[in-house]
file final_33.cif (mmCIF, N, CA, C and O atoms)
data_entry
loop_
_atom_site.label_atom_id
_atom_site.label_comp_id
_atom_site.auth_asym_id
_atom_site.auth_seq_id
_atom_site.Cartn_x
_atom_site.Cartn_y
_atom_site.Cartn_z
N MET A 1 -26.24 -19.04 0.99
CA MET A 1 -25.85 -17.94 1.86
C MET A 1 -24.95 -16.99 1.04
O MET A 1 -24.02 -17.40 0.39
N THR A 2 -25.27 -15.72 1.12
CA THR A 2 -24.49 -14.69 0.45
C THR A 2 -23.62 -13.98 1.48
O THR A 2 -24.07 -13.66 2.57
N THR A 3 -22.38 -13.75 1.11
CA THR A 3 -21.45 -13.06 2.00
C THR A 3 -21.04 -11.75 1.35
O THR A 3 -20.72 -11.71 0.17
N SER A 4 -21.06 -10.70 2.15
CA SER A 4 -20.63 -9.40 1.63
C SER A 4 -19.32 -8.99 2.29
O SER A 4 -19.00 -9.43 3.39
N LYS A 5 -18.57 -8.16 1.58
CA LYS A 5 -17.30 -7.66 2.10
C LYS A 5 -17.39 -6.15 2.19
O LYS A 5 -17.67 -5.47 1.20
N LEU A 6 -17.14 -5.62 3.39
CA LEU A 6 -17.19 -4.19 3.62
C LEU A 6 -15.81 -3.69 4.02
O LEU A 6 -15.34 -3.97 5.13
N PRO A 7 -15.12 -2.98 3.12
CA PRO A 7 -13.79 -2.45 3.47
C PRO A 7 -13.89 -1.51 4.67
O PRO A 7 -14.79 -0.68 4.74
N THR A 8 -12.97 -1.68 5.61
CA THR A 8 -12.96 -0.82 6.80
C THR A 8 -11.75 0.10 6.83
O THR A 8 -11.79 1.15 7.46
N SER A 9 -10.66 -0.28 6.15
CA SER A 9 -9.50 0.59 6.09
C SER A 9 -8.55 0.15 4.98
O SER A 9 -8.54 -1.01 4.58
N TYR A 10 -7.79 1.11 4.47
CA TYR A 10 -6.74 0.86 3.49
C TYR A 10 -5.45 1.45 4.02
O TYR A 10 -5.46 2.48 4.72
N LYS A 11 -4.33 0.82 3.68
CA LYS A 11 -3.01 1.34 4.05
C LYS A 11 -2.14 1.33 2.81
O LYS A 11 -2.09 0.35 2.08
N LEU A 12 -1.46 2.44 2.56
CA LEU A 12 -0.57 2.58 1.42
C LEU A 12 0.85 2.25 1.87
O LEU A 12 1.30 2.75 2.90
N SER A 13 1.54 1.40 1.12
CA SER A 13 2.91 1.01 1.46
C SER A 13 3.81 1.16 0.24
O SER A 13 3.41 0.86 -0.87
N LEU A 14 5.02 1.63 0.48
CA LEU A 14 6.02 1.77 -0.58
C LEU A 14 7.17 0.83 -0.28
O LEU A 14 7.68 0.80 0.83
N SER A 15 7.57 0.04 -1.27
CA SER A 15 8.74 -0.80 -1.15
C SER A 15 9.90 0.01 -1.72
O SER A 15 9.85 0.46 -2.87
N VAL A 16 10.94 0.20 -0.91
CA VAL A 16 12.04 1.10 -1.26
C VAL A 16 13.36 0.33 -1.25
O VAL A 16 13.60 -0.50 -0.37
N GLU A 17 14.21 0.59 -2.27
CA GLU A 17 15.54 -0.02 -2.31
C GLU A 17 16.27 0.32 -1.02
O GLU A 17 16.18 1.43 -0.52
N ASN A 18 17.01 -0.66 -0.50
CA ASN A 18 17.73 -0.45 0.75
C ASN A 18 19.11 -1.11 0.68
O ASN A 18 19.52 -1.81 1.57
N GLY A 19 19.80 -0.90 -0.44
CA GLY A 19 21.15 -1.45 -0.58
C GLY A 19 21.15 -2.87 -1.08
O GLY A 19 20.18 -3.38 -1.61
N VAL A 20 22.30 -3.54 -0.87
CA VAL A 20 22.46 -4.93 -1.29
C VAL A 20 23.02 -5.74 -0.13
O VAL A 20 23.70 -5.22 0.75
N SER A 21 22.72 -7.03 -0.14
CA SER A 21 23.23 -7.93 0.90
C SER A 21 24.69 -8.26 0.62
O SER A 21 25.25 -7.88 -0.42
N SER A 22 25.30 -9.00 1.53
CA SER A 22 26.70 -9.40 1.35
C SER A 22 26.87 -10.32 0.14
O SER A 22 27.97 -10.48 -0.38
N LEU A 23 25.77 -10.92 -0.32
CA LEU A 23 25.80 -11.79 -1.50
C LEU A 23 25.50 -11.02 -2.79
O LEU A 23 25.45 -11.58 -3.86
N GLY A 24 25.26 -9.72 -2.67
CA GLY A 24 24.98 -8.90 -3.83
C GLY A 24 23.52 -8.86 -4.25
O GLY A 24 23.18 -8.36 -5.32
N VAL A 25 22.64 -9.39 -3.41
CA VAL A 25 21.21 -9.41 -3.71
C VAL A 25 20.59 -8.10 -3.25
O VAL A 25 20.84 -7.65 -2.13
N ALA A 26 19.77 -7.49 -4.12
CA ALA A 26 19.11 -6.23 -3.77
C ALA A 26 18.18 -6.44 -2.58
O ALA A 26 17.47 -7.44 -2.51
N GLN A 27 18.22 -5.49 -1.65
CA GLN A 27 17.35 -5.53 -0.47
C GLN A 27 16.39 -4.37 -0.55
O GLN A 27 16.67 -3.34 -1.16
N SER A 28 15.24 -4.54 0.09
CA SER A 28 14.28 -3.45 0.14
C SER A 28 13.66 -3.39 1.54
O SER A 28 13.76 -4.33 2.31
N LYS A 29 13.06 -2.24 1.81
CA LYS A 29 12.31 -2.10 3.06
C LYS A 29 10.96 -1.51 2.69
O LYS A 29 10.78 -0.93 1.63
N THR A 30 9.99 -1.65 3.57
CA THR A 30 8.65 -1.14 3.33
C THR A 30 8.39 0.06 4.23
O THR A 30 8.66 0.02 5.42
N VAL A 31 7.87 1.10 3.61
CA VAL A 31 7.49 2.32 4.33
C VAL A 31 5.98 2.44 4.22
O VAL A 31 5.43 2.44 3.12
N SER A 32 5.29 2.51 5.36
CA SER A 32 3.83 2.60 5.36
C SER A 32 3.39 4.04 5.50
O SER A 32 3.98 4.82 6.25
N ILE A 33 2.34 4.37 4.77
CA ILE A 33 1.78 5.71 4.78
C ILE A 33 0.39 5.62 5.39
O ILE A 33 -0.61 5.47 4.68
N GLY A 34 0.29 5.65 6.70
CA GLY A 34 -0.96 5.71 7.45
C GLY A 34 -2.22 5.23 6.76
O GLY A 34 -2.20 4.37 5.90
N SER A 35 -3.30 5.85 7.12
CA SER A 35 -4.60 5.48 6.59
C SER A 35 -4.90 6.19 5.28
O SER A 35 -4.50 7.32 5.07
N VAL A 36 -5.62 5.49 4.42
CA VAL A 36 -6.05 6.04 3.14
C VAL A 36 -7.58 6.06 3.16
O VAL A 36 -8.21 5.12 3.64
N LYS A 37 -8.17 7.12 2.64
CA LYS A 37 -9.62 7.20 2.58
C LYS A 37 -10.18 6.01 1.80
O LYS A 37 -9.60 5.59 0.80
N LEU A 38 -11.30 5.49 2.25
CA LEU A 38 -11.90 4.34 1.59
C LEU A 38 -12.33 4.64 0.16
O LEU A 38 -12.39 3.75 -0.67
N ASP A 39 -12.62 5.89 -0.14
CA ASP A 39 -13.06 6.24 -1.49
C ASP A 39 -11.93 6.81 -2.36
O ASP A 39 -12.18 7.35 -3.44
N ALA A 40 -10.69 6.67 -1.90
CA ALA A 40 -9.55 7.19 -2.66
C ALA A 40 -9.40 6.42 -3.97
O ALA A 40 -9.52 5.20 -4.01
N GLU A 41 -9.15 7.16 -5.05
CA GLU A 41 -8.97 6.54 -6.36
C GLU A 41 -7.55 6.00 -6.49
O GLU A 41 -6.61 6.56 -5.95
N ASN A 42 -7.41 4.90 -7.23
CA ASN A 42 -6.11 4.26 -7.41
C ASN A 42 -5.07 5.21 -8.00
O ASN A 42 -3.92 5.24 -7.57
N ASP A 43 -5.47 5.99 -9.02
CA ASP A 43 -4.54 6.92 -9.66
C ASP A 43 -4.01 7.95 -8.67
O ASP A 43 -2.84 8.31 -8.70
N LYS A 44 -4.89 8.43 -7.80
CA LYS A 44 -4.48 9.43 -6.82
C LYS A 44 -3.56 8.83 -5.77
O LYS A 44 -2.60 9.47 -5.33
N CYS A 45 -3.83 7.59 -5.35
CA CYS A 45 -2.95 6.92 -4.39
C CYS A 45 -1.56 6.76 -4.99
O CYS A 45 -0.55 7.00 -4.33
N TYR A 46 -1.51 6.36 -6.26
CA TYR A 46 -0.22 6.17 -6.92
C TYR A 46 0.51 7.50 -7.07
O TYR A 46 1.73 7.57 -6.89
N ALA A 47 -0.23 8.56 -7.37
CA ALA A 47 0.39 9.89 -7.51
C ALA A 47 1.00 10.34 -6.19
O ALA A 47 2.09 10.91 -6.16
N VAL A 48 0.32 10.08 -5.08
CA VAL A 48 0.86 10.42 -3.76
C VAL A 48 2.12 9.62 -3.50
O VAL A 48 3.13 10.16 -3.04
N ALA A 49 2.08 8.32 -3.80
CA ALA A 49 3.26 7.47 -3.60
C ALA A 49 4.43 7.95 -4.45
O ALA A 49 5.57 8.00 -3.97
N ALA A 50 4.17 8.35 -5.69
CA ALA A 50 5.23 8.84 -6.57
C ALA A 50 5.82 10.15 -6.02
O ALA A 50 7.04 10.34 -6.05
N ALA A 51 4.97 11.03 -5.51
CA ALA A 51 5.44 12.30 -4.95
C ALA A 51 6.30 12.06 -3.71
O ALA A 51 7.36 12.68 -3.55
N ILE A 52 5.89 11.14 -2.86
CA ILE A 52 6.68 10.80 -1.68
C ILE A 52 8.00 10.16 -2.11
O ILE A 52 9.05 10.43 -1.55
N GLY A 53 7.93 9.31 -3.13
CA GLY A 53 9.14 8.66 -3.64
C GLY A 53 10.17 9.65 -4.13
O GLY A 53 11.38 9.42 -3.99
N GLU A 54 9.73 10.76 -4.71
CA GLU A 54 10.64 11.81 -5.17
C GLU A 54 11.44 12.42 -4.01
O GLU A 54 12.55 12.90 -4.20
N LEU A 55 10.87 12.39 -2.82
CA LEU A 55 11.52 12.98 -1.65
C LEU A 55 12.47 12.01 -0.95
O LEU A 55 13.25 12.42 -0.09
N MET A 56 12.40 10.73 -1.30
CA MET A 56 13.21 9.72 -0.63
C MET A 56 14.58 9.61 -1.29
O MET A 56 14.74 9.88 -2.48
N SER A 57 15.56 9.19 -0.50
CA SER A 57 16.92 9.07 -1.03
C SER A 57 17.14 7.78 -1.82
O SER A 57 18.12 7.67 -2.55
N HIS A 58 16.23 6.81 -1.68
CA HIS A 58 16.33 5.55 -2.42
C HIS A 58 15.12 5.40 -3.33
O HIS A 58 14.05 5.96 -3.07
N ALA A 59 15.27 4.62 -4.39
CA ALA A 59 14.20 4.44 -5.37
C ALA A 59 13.06 3.58 -4.84
O ALA A 59 13.27 2.60 -4.12
N VAL A 60 11.85 3.96 -5.20
CA VAL A 60 10.66 3.17 -4.88
C VAL A 60 10.55 2.07 -5.94
O VAL A 60 10.58 2.34 -7.14
N VAL A 61 10.45 0.81 -5.48
CA VAL A 61 10.38 -0.32 -6.41
C VAL A 61 8.99 -0.95 -6.47
O VAL A 61 8.74 -1.81 -7.30
N GLY A 62 8.09 -0.53 -5.58
CA GLY A 62 6.73 -1.06 -5.59
C GLY A 62 5.81 -0.23 -4.73
O GLY A 62 6.23 0.33 -3.72
N VAL A 63 4.55 -0.15 -5.14
CA VAL A 63 3.53 0.56 -4.38
C VAL A 63 2.39 -0.41 -4.12
O VAL A 63 1.92 -1.08 -5.05
N TYR A 64 1.95 -0.51 -2.88
CA TYR A 64 0.94 -1.48 -2.48
C TYR A 64 -0.15 -0.83 -1.65
O TYR A 64 0.11 0.10 -0.89
N VAL A 65 -1.36 -1.35 -1.78
CA VAL A 65 -2.47 -0.95 -0.92
C VAL A 65 -2.94 -2.22 -0.21
O VAL A 65 -3.24 -3.23 -0.85
N THR A 66 -2.98 -2.15 1.11
CA THR A 66 -3.47 -3.27 1.90
C THR A 66 -4.87 -2.94 2.37
O THR A 66 -5.11 -1.87 2.94
N GLU A 67 -5.79 -3.85 2.11
CA GLU A 67 -7.19 -3.63 2.48
C GLU A 67 -7.54 -4.46 3.69
O GLU A 67 -7.19 -5.64 3.78
N LYS A 68 -8.23 -3.84 4.64
CA LYS A 68 -8.80 -4.57 5.76
C LYS A 68 -10.31 -4.47 5.59
O LYS A 68 -10.85 -3.38 5.39
N ALA A 69 -10.99 -5.62 5.62
CA ALA A 69 -12.41 -5.62 5.36
C ALA A 69 -13.13 -6.57 6.32
O ALA A 69 -12.55 -7.54 6.81
N GLU A 70 -14.40 -6.27 6.54
CA GLU A 70 -15.24 -7.12 7.37
C GLU A 70 -16.11 -7.96 6.46
O GLU A 70 -16.69 -7.46 5.49
N LEU A 71 -16.15 -9.25 6.73
CA LEU A 71 -17.04 -10.15 6.00
C LEU A 71 -18.30 -10.36 6.83
O LEU A 71 -18.23 -10.58 8.03
N ALA A 72 -19.44 -10.27 6.15
CA ALA A 72 -20.72 -10.43 6.86
C ALA A 72 -21.65 -11.31 6.05
O ALA A 72 -21.65 -11.26 4.81
N SER A 73 -22.40 -12.10 6.74
CA SER A 73 -23.39 -12.95 6.09
C SER A 73 -24.66 -12.14 5.88
O SER A 73 -25.18 -11.51 6.79
N ALA A 74 -25.13 -12.15 4.65
CA ALA A 74 -26.36 -11.42 4.31
C ALA A 74 -27.47 -12.45 4.15
O ALA A 74 -27.63 -13.06 3.10
N GLU A 75 -28.21 -12.67 5.21
CA GLU A 75 -29.26 -13.70 5.17
C GLU A 75 -30.62 -13.09 4.94
O GLU A 75 -30.94 -12.04 5.28
#
call {"tool": "encode", "arguments": {"input": "final_33.cif", "output": "structure tokens"}}
result
Amino acid sequence: MTTSKLPTSYKLSLSVENGVSSLGVAQSKTVSIGSVKLDAENDKCYAVAAAIGELMSHAVVGVYVTEKAELASAE
């Protein structure tokens, strides 16, 4: 049995510095950027995240894309 994966949506998320805890450990929060086109190129997604990061008051420490996909059996 062959299984195929069909992406249905992508979400861009930025991990942003958010101060330090009482123990001095760096904290972060995640900011989500709505839907991303399924055919969006990785370089362009990163460029958008970097541009948004320039507008934020805290540094961006990570950029993530979350994929939601449907698995289907191809019989």
call {"tool": "atom_distance", "arguments": {"input": "final_33.cif", "atom1": "atom N of Lys44 of chain A", "atom2": "atom CA of Ala72 of chain A"}}
result
28.7 Å
call {"tool": "select_by_dssp", "arguments": {"input": "final_33.cif", "residues": "chain A", "states": "alpha helix (DSSP H)", "output": "PyMOL selection string"}}
result
chain A and resi 42-55
call {"tool": "resolve_selection", "arguments": {"input": "final_33.cif", "expression": "the PyMOL selection byres (((chain A and resi 61-63 and name CA) around 7) and name CA)", "output": "PyMOL selection string"}}
result
chain A and resi 13-17+49+59-60+64
call {"tool": "closest_residue", "arguments": {"input": "final_33.cif", "among": "A:Ala74, A:Ala26, A:Ala40, A:Ala51", "to": "Ser4 of chain A", "atoms": "all atoms listed in the file"}}
result
A:Ala74
call {"tool": "select_by_dssp", "arguments": {"input": "final_33.cif", "residues": "segment 25-67 of chain A", "states": "strand (DSSP E or B)", "output": "PDB file with N, CA, C and O atoms, keeping the file's coordinate frame"}}
result
ATOM      1  N   ALA A  26      19.770  -7.490  -4.120  1.00  0.00           N
ATOM      2  CA  ALA A  26      19.110  -6.230  -3.770  1.00  0.00           C
ATOM      3  C   ALA A  26      18.180  -6.440  -2.580  1.00  0.00           C
ATOM      4  O   ALA A  26      17.470  -7.440  -2.510  1.00  0.00           O
ATOM      5  N   GLN A  27      18.220  -5.490  -1.650  1.00  0.00           N
ATOM      6  CA  GLN A  27      17.350  -5.530  -0.470  1.00  0.00           C
ATOM      7  C   GLN A  27      16.390  -4.370  -0.550  1.00  0.00           C
ATOM      8  O   GLN A  27      16.670  -3.340  -1.160  1.00  0.00           O
ATOM      9  N   SER A  28      15.240  -4.540   0.090  1.00  0.00           N
ATOM     10  CA  SER A  28      14.280  -3.450   0.140  1.00  0.00           C
ATOM     11  C   SER A  28      13.660  -3.390   1.540  1.00  0.00           C
ATOM     12  O   SER A  28      13.760  -4.330   2.310  1.00  0.00           O
ATOM     13  N   LYS A  29      13.060  -2.240   1.810  1.00  0.00           N
ATOM     14  CA  LYS A  29      12.310  -2.100   3.060  1.00  0.00           C
ATOM     15  C   LYS A  29      10.960  -1.510   2.690  1.00  0.00           C
ATOM     16  O   LYS A  29      10.780  -0.930   1.630  1.00  0.00           O
ATOM     17  N   THR A  30       9.990  -1.650   3.570  1.00  0.00           N
ATOM     18  CA  THR A  30       8.650  -1.140   3.330  1.00  0.00           C
ATOM     19  C   THR A  30       8.390   0.060   4.230  1.00  0.00           C
ATOM     20  O   THR A  30       8.660   0.020   5.420  1.00  0.00           O
ATOM     21  N   VAL A  31       7.870   1.100   3.610  1.00  0.00           N
ATOM     22  CA  VAL A  31       7.490   2.320   4.330  1.00  0.00           C
ATOM     23  C   VAL A  31       5.980   2.440   4.220  1.00  0.00           C
ATOM     24  O   VAL A  31       5.430   2.440   3.120  1.00  0.00           O
ATOM     25  N   SER A  32       5.290   2.510   5.360  1.00  0.00           N
ATOM     26  CA  SER A  32       3.830   2.600   5.360  1.00  0.00           C
ATOM     27  C   SER A  32       3.390   4.040   5.500  1.00  0.00           C
ATOM     28  O   SER A  32       3.980   4.820   6.250  1.00  0.00           O
ATOM     29  N   ILE A  33       2.340   4.370   4.770  1.00  0.00           N
ATOM     30  CA  ILE A  33       1.780   5.710   4.780  1.00  0.00           C
ATOM     31  C   ILE A  33       0.390   5.620   5.390  1.00  0.00           C
ATOM     32  O   ILE A  33      -0.610   5.470   4.680  1.00  0.00           O
ATOM     33  N   GLY A  34       0.290   5.650   6.700  1.00  0.00           N
ATOM     34  CA  GLY A  34      -0.960   5.710   7.450  1.00  0.00           C
ATOM     35  C   GLY A  34      -2.220   5.230   6.760  1.00  0.00           C
ATOM     36  O   GLY A  34      -2.200   4.370   5.900  1.00  0.00           O
ATOM     37  N   SER A  35      -3.300   5.850   7.120  1.00  0.00           N
ATOM     38  CA  SER A  35      -4.600   5.480   6.590  1.00  0.00           C
ATOM     39  C   SER A  35      -4.900   6.190   5.280  1.00  0.00           C
ATOM     40  O   SER A  35      -4.500   7.320   5.070  1.00  0.00           O
ATOM     41  N   VAL A  36      -5.620   5.490   4.420  1.00  0.00           N
ATOM     42  CA  VAL A  36      -6.050   6.040   3.140  1.00  0.00           C
ATOM     43  C   VAL A  36      -7.580   6.060   3.160  1.00  0.00           C
ATOM     44  O   VAL A  36      -8.210   5.120   3.640  1.00  0.00           O
ATOM     45  N   VAL A  60      11.850   3.960  -5.200  1.00  0.00           N
ATOM     46  CA  VAL A  60      10.660   3.170  -4.880  1.00  0.00           C
ATOM     47  C   VAL A  60      10.550   2.070  -5.940  1.00  0.00           C
ATOM     48  O   VAL A  60      10.580   2.340  -7.140  1.00  0.00           O
ATOM     49  N   VAL A  61      10.450   0.810  -5.480  1.00  0.00           N
ATOM     50  CA  VAL A  61      10.380  -0.320  -6.410  1.00  0.00           C
ATOM     51  C   VAL A  61       8.990  -0.950  -6.470  1.00  0.00           C
ATOM     52  O   VAL A  61       8.740  -1.810  -7.300  1.00  0.00           O
ATOM     53  N   GLY A  62       8.090  -0.530  -5.580  1.00  0.00           N
ATOM     54  CA  GLY A  62       6.730  -1.060  -5.590  1.00  0.00           C
ATOM     55  C   GLY A  62       5.810  -0.230  -4.730  1.00  0.00           C
ATOM     56  O   GLY A  62       6.230   0.330  -3.720  1.00  0.00           O
ATOM     57  N   VAL A  63       4.550  -0.150  -5.140  1.00  0.00           N
ATOM     58  CA  VAL A  63       3.530   0.560  -4.380  1.00  0.00           C
ATOM     59  C   VAL A  63       2.390  -0.410  -4.120  1.00  0.00           C
ATOM     60  O   VAL A  63       1.920  -1.080  -5.050  1.00  0.00           O
ATOM     61  N   TYR A  64       1.950  -0.510  -2.880  1.00  0.00           N
ATOM     62  CA  TYR A  64       0.940  -1.480  -2.480  1.00  0.00           C
ATOM     63  C   TYR A  64      -0.150  -0.830  -1.650  1.00  0.00           C
ATOM     64  O   TYR A  64       0.110   0.100  -0.890  1.00  0.00           O
ATOM     65  N   VAL A  65      -1.360  -1.350  -1.780  1.00  0.00           N
ATOM     66  CA  VAL A  65      -2.470  -0.950  -0.920  1.00  0.00           C
ATOM     67  C   VAL A  65      -2.940  -2.220  -0.210  1.00  0.00           C
ATOM     68  O   VAL A  65      -3.240  -3.230  -0.850  1.00  0.00           O
ATOM     69  N   THR A  66      -2.980  -2.150   1.110  1.00  0.00           N
ATOM     70  CA  THR A  66      -3.470  -3.270   1.900  1.00  0.00           C
ATOM     71  C   THR A  66      -4.870  -2.940   2.370  1.00  0.00           C
ATOM     72  O   THR A  66      -5.110  -1.870   2.940  1.00  0.00           O
ATOM     73  N   GLU A  67      -5.790  -3.850   2.110  1.00  0.00           N
ATOM     74  CA  GLU A  67      -7.190  -3.630   2.480  1.00  0.00           C
ATOM     75  C   GLU A  67      -7.540  -4.460   3.690  1.00  0.00           C
ATOM     76  O   GLU A  67      -7.190  -5.640   3.780  1.00  0.00           O
TER      77      GLU A  67
END
call {"tool": "residues_near_point", "arguments": {"input": "final_33.cif", "point": "(9.5, 7.4, 5.6)", "cutoff": "12 Å", "atoms": "only C-alpha atoms", "output": "ChimeraX atom specification"}}
result
/A:12-16,29-34,49,52-58,60
call {"tool": "atom_distance", "arguments": {"input": "final_33.cif", "atom1": "atom CA of Lys11 of chain A", "atom2": "atom N of Tyr46 of chain A"}}
result
11.6 Å
call {"tool": "atom_distance", "arguments": {"input": "final_33.cif", "atom1": "atom N of Glu41 of chain A", "atom2": "atom N of Thr3 of chain A"}}
result
25.5 Å
call {"tool": "resolve_selection", "arguments": {"input": "final_33.cif", "expression": "the PyMOL selection byres (((chain A and resi 69 and name CA) around 8) and name CA)", "output": "list of chain:residue names"}}
result
A:Lys5, A:Leu6, A:Pro7, A:Thr8, A:Ser9, A:Glu67, A:Lys68, A:Glu70, A:Leu71
call {"tool": "axis_aligned_box", "arguments": {"input": "final_33.cif", "around": "segment 48-52 of chain A", "padding_each_side": "3 Å", "output": "AutoDock Vina command-line options"}}
result
--center_x 4.7 --center_y 10.1 --center_z -4.1 --size_x 14.7 --size_y 11.2 --size_z 11.0
call {"tool": "closest_residue", "arguments": {"input": "final_33.cif", "among": "A:Tyr10, A:Ser21, A:Thr66, A:Thr2", "to": "Ser35 of chain A", "atoms": "all atoms listed in the file"}}
result
A:Tyr10
